[in-house]
Amino acid sequence: VQLVESGGGYVQAGGSLRLSCAASGRTFSSYAMGWFRQAPGKEREFVAAFSRTGDVPSYADSVKGRFTASRDNAKNTVYLQMSNLKPEDTAVYYCAAAQVSLARRRTYYTAINDYDYWGQGTQVTVSS
């Protein structure tokens with residue numbers, strides 16, 4: 001599967017952005033999906049994840065209450081609505097896909113090594 005992120009940009013603190021991640025292929029619904037980010041000089045970190053069933057996302061504590069992830073299997077797309085952005089949210093944001101079996105369809109994957117496919121990333125810059 002190929003993943004393409006879009007929607008990044010420059011925003012002032014307190015502002016909002018919506019990221020999209022479009023996936024190729026016809027088996028999108030068989031993938032667990034995740035959002036990660038990597039700030040300059042830091043390791044890539046988990047932001048949000050969907051299990052293969054894709055109903056309720058899981059979030060990192062740092063973004064709870066400010067970010068909302070959603071998934072549209074009909075459009076092969078996941079979204080990340082980011083509100084009340086802070087300068088510390090500045091990073092390259094990546095989406096990722098993990099092909100999982102039916103037996104693990106309700107599992108949330110939060111580790112980088114859990115994922116098989118990655119997008120190229122989109123830059124989000126939040127000014128103070």
# chains A, B, ... in the order shown; residues from 1 in each chain; ligands from 1
>>> residues_around(residues="Trp118 in chain A", least_positions_apart="5", cutoff="8 Å", atoms="only C-alpha atoms", output="PyMOL selection string")
chain A and resi 2-3+94-97
>>> residues_around(residues="range 86-89 of chain A", least_positions_apart="3", cutoff="12 Å", atoms="only C-alpha atoms", output="PyMOL selection string")
chain A and resi 8-17+36-40+42+45+47+62-63+66-67+82-83+92-93+123-128
>>> write_last_selection(atoms="N, CA, C and O atoms", output="compact mmCIF listing (two decimals), in the first residue's frame")
# COMPACT_ATOMS: atom_id res chain seq x y z
N GLY A 8 -0.50 19.68 5.68
CA GLY A 8 0.38 20.39 6.60
C GLY A 8 0.53 21.84 6.22
O GLY A 8 0.08 22.29 5.17
N GLY A 9 1.17 22.60 7.11
CA GLY A 9 1.37 24.01 6.81
C GLY A 9 1.86 24.76 8.03
O GLY A 9 2.31 24.16 9.01
N TYR A 10 1.72 26.07 7.93
CA TYR A 10 2.18 26.98 8.97
C TYR A 10 0.95 27.61 9.63
O TYR A 10 0.05 28.10 8.94
N VAL A 11 0.92 27.58 10.96
CA VAL A 11 -0.23 28.12 11.68
C VAL A 11 0.24 28.74 12.99
O VAL A 11 1.26 28.32 13.55
N GLN A 12 -0.49 29.72 13.47
CA GLN A 12 -0.16 30.32 14.75
C GLN A 12 -0.70 29.46 15.89
O GLN A 12 -1.65 28.69 15.71
N ALA A 13 -0.10 29.61 17.03
CA ALA A 13 -0.55 28.87 18.22
C ALA A 13 -2.04 29.13 18.44
O ALA A 13 -2.51 30.27 18.31
N GLY A 14 -2.75 28.07 18.78
CA GLY A 14 -4.19 28.16 18.96
C GLY A 14 -4.98 27.86 17.71
O GLY A 14 -6.21 27.71 17.77
N GLY A 15 -4.30 27.79 16.58
CA GLY A 15 -4.97 27.52 15.31
C GLY A 15 -5.22 26.04 15.08
O GLY A 15 -4.96 25.20 15.95
N SER A 16 -5.74 25.76 13.88
CA SER A 16 -6.14 24.38 13.53
C SER A 16 -5.62 24.01 12.15
O SER A 16 -5.43 24.88 11.29
N LEU A 17 -5.42 22.73 11.97
CA LEU A 17 -5.09 22.17 10.67
C LEU A 17 -5.72 20.79 10.59
O LEU A 17 -5.92 20.13 11.61
N PHE A 36 1.93 9.40 13.37
CA PHE A 36 3.12 9.64 14.17
C PHE A 36 3.66 11.02 13.81
O PHE A 36 3.27 11.60 12.81
N ARG A 37 4.58 11.52 14.62
CA ARG A 37 5.23 12.78 14.30
C ARG A 37 6.68 12.75 14.76
O ARG A 37 7.04 12.01 15.68
N GLN A 38 7.48 13.57 14.11
CA GLN A 38 8.89 13.66 14.46
C GLN A 38 9.33 15.11 14.42
O GLN A 38 9.31 15.74 13.36
N ALA A 39 9.68 15.62 15.59
CA ALA A 39 10.18 16.98 15.70
C ALA A 39 11.69 16.99 15.47
O ALA A 39 12.35 15.96 15.64
N PRO A 40 12.24 18.13 15.10
CA PRO A 40 13.69 18.21 14.85
C PRO A 40 14.49 17.76 16.06
O PRO A 40 14.25 18.20 17.19
N LYS A 42 14.43 14.98 17.56
CA LYS A 42 13.73 14.05 18.46
C LYS A 42 13.35 12.78 17.71
O LYS A 42 13.33 12.74 16.49
N GLU A 45 7.37 9.82 17.30
CA GLU A 45 6.50 9.43 18.40
C GLU A 45 5.08 9.20 17.93
O GLU A 45 4.62 9.79 16.95
N VAL A 47 1.09 9.39 17.80
CA VAL A 47 0.09 10.44 17.97
C VAL A 47 -1.31 9.84 18.13
O VAL A 47 -2.03 10.13 19.08
N SER A 62 -0.44 13.54 24.99
CA SER A 62 -0.06 14.91 24.65
C SER A 62 -1.05 15.58 23.70
O SER A 62 -1.05 16.81 23.57
N VAL A 63 -1.88 14.79 23.02
CA VAL A 63 -2.80 15.38 22.04
C VAL A 63 -4.27 15.15 22.40
O VAL A 63 -5.16 15.66 21.70
N ARG A 66 -7.36 17.66 21.97
CA ARG A 66 -7.03 18.67 20.96
C ARG A 66 -7.04 18.09 19.54
O ARG A 66 -7.38 18.79 18.59
N PHE A 67 -6.68 16.85 19.40
CA PHE A 67 -6.62 16.20 18.09
C PHE A 67 -7.76 15.18 17.98
O PHE A 67 -8.09 14.50 18.96
N MET A 82 -6.46 18.72 13.90
CA MET A 82 -5.64 19.23 15.00
C MET A 82 -6.14 20.63 15.37
O MET A 82 -6.19 21.52 14.51
N SER A 83 -6.50 20.79 16.62
CA SER A 83 -7.01 22.07 17.10
C SER A 83 -6.18 22.53 18.29
O SER A 83 -5.47 21.75 18.91
N VAL A 92 7.22 16.90 11.62
CA VAL A 92 6.76 16.24 10.40
C VAL A 92 5.80 15.14 10.84
O VAL A 92 6.13 14.33 11.72
N TYR A 93 4.62 15.15 10.26
CA TYR A 93 3.58 14.17 10.63
C TYR A 93 3.52 13.09 9.56
O TYR A 93 3.47 13.38 8.36
N GLN A 123 4.84 18.53 6.77
CA GLN A 123 5.38 19.41 7.81
C GLN A 123 4.27 20.25 8.42
O GLN A 123 3.46 20.86 7.70
N VAL A 124 4.25 20.30 9.74
CA VAL A 124 3.36 21.19 10.49
C VAL A 124 4.24 22.10 11.33
O VAL A 124 5.07 21.61 12.12
N THR A 125 4.06 23.40 11.17
CA THR A 125 4.83 24.36 11.94
C THR A 125 3.87 25.28 12.67
O THR A 125 2.99 25.89 12.05
N VAL A 126 4.04 25.36 13.98
CA VAL A 126 3.18 26.19 14.82
C VAL A 126 4.03 27.29 15.44
O VAL A 126 4.99 27.00 16.17
N SER A 127 3.67 28.52 15.16
CA SER A 127 4.44 29.64 15.70
C SER A 127 3.82 30.13 17.00
O SER A 127 2.60 30.04 17.21
N SER A 128 4.64 30.66 17.86
CA SER A 128 4.16 31.16 19.16
C SER A 128 3.72 32.61 19.07
O SER A 128 3.93 33.28 18.09
>>> atom_distance(atom1="CA of Arg26 in chain A", atom2="CA of Tyr79 in chain A")
18.3 Å
>>> select_by_dssp(residues="chain A", states="helix (DSSP H, G or I)", output="MDAnalysis selection string")
chainID A and resid 28:30 73:75 87:89 102:104 112:114
>>> select_by_dssp(residues="chain A", states="strand (DSSP E)", output="JSON, numbers by chain")
{"A": [3, 4, 5, 6, 9, 10, 11, 12, 17, 18, 19, 20, 21, 22, 23, 31, 32, 33, 34, 35, 36, 37, 38, 45, 46, 47, 48, 49, 50, 58, 59, 67, 68, 69, 70, 71, 72, 77, 78, 79, 80, 81, 82, 91, 92, 93, 94, 95, 96, 97, 98, 99, 117, 118, 122, 123, 124, 125, 126, 127]}
>>> closest_residue(among="A:Ala23, A:Ala91, A:Ala32, A:Ala69", to="Ser51 in chain A", atoms="only C-alpha atoms")
A:Ala32
>>> closest_residue(among="A:Thr90, A:Lys64, A:Asp55, A:Asn73", to="Thr122 in chain A", atoms="only C-alpha atoms")
A:Thr90
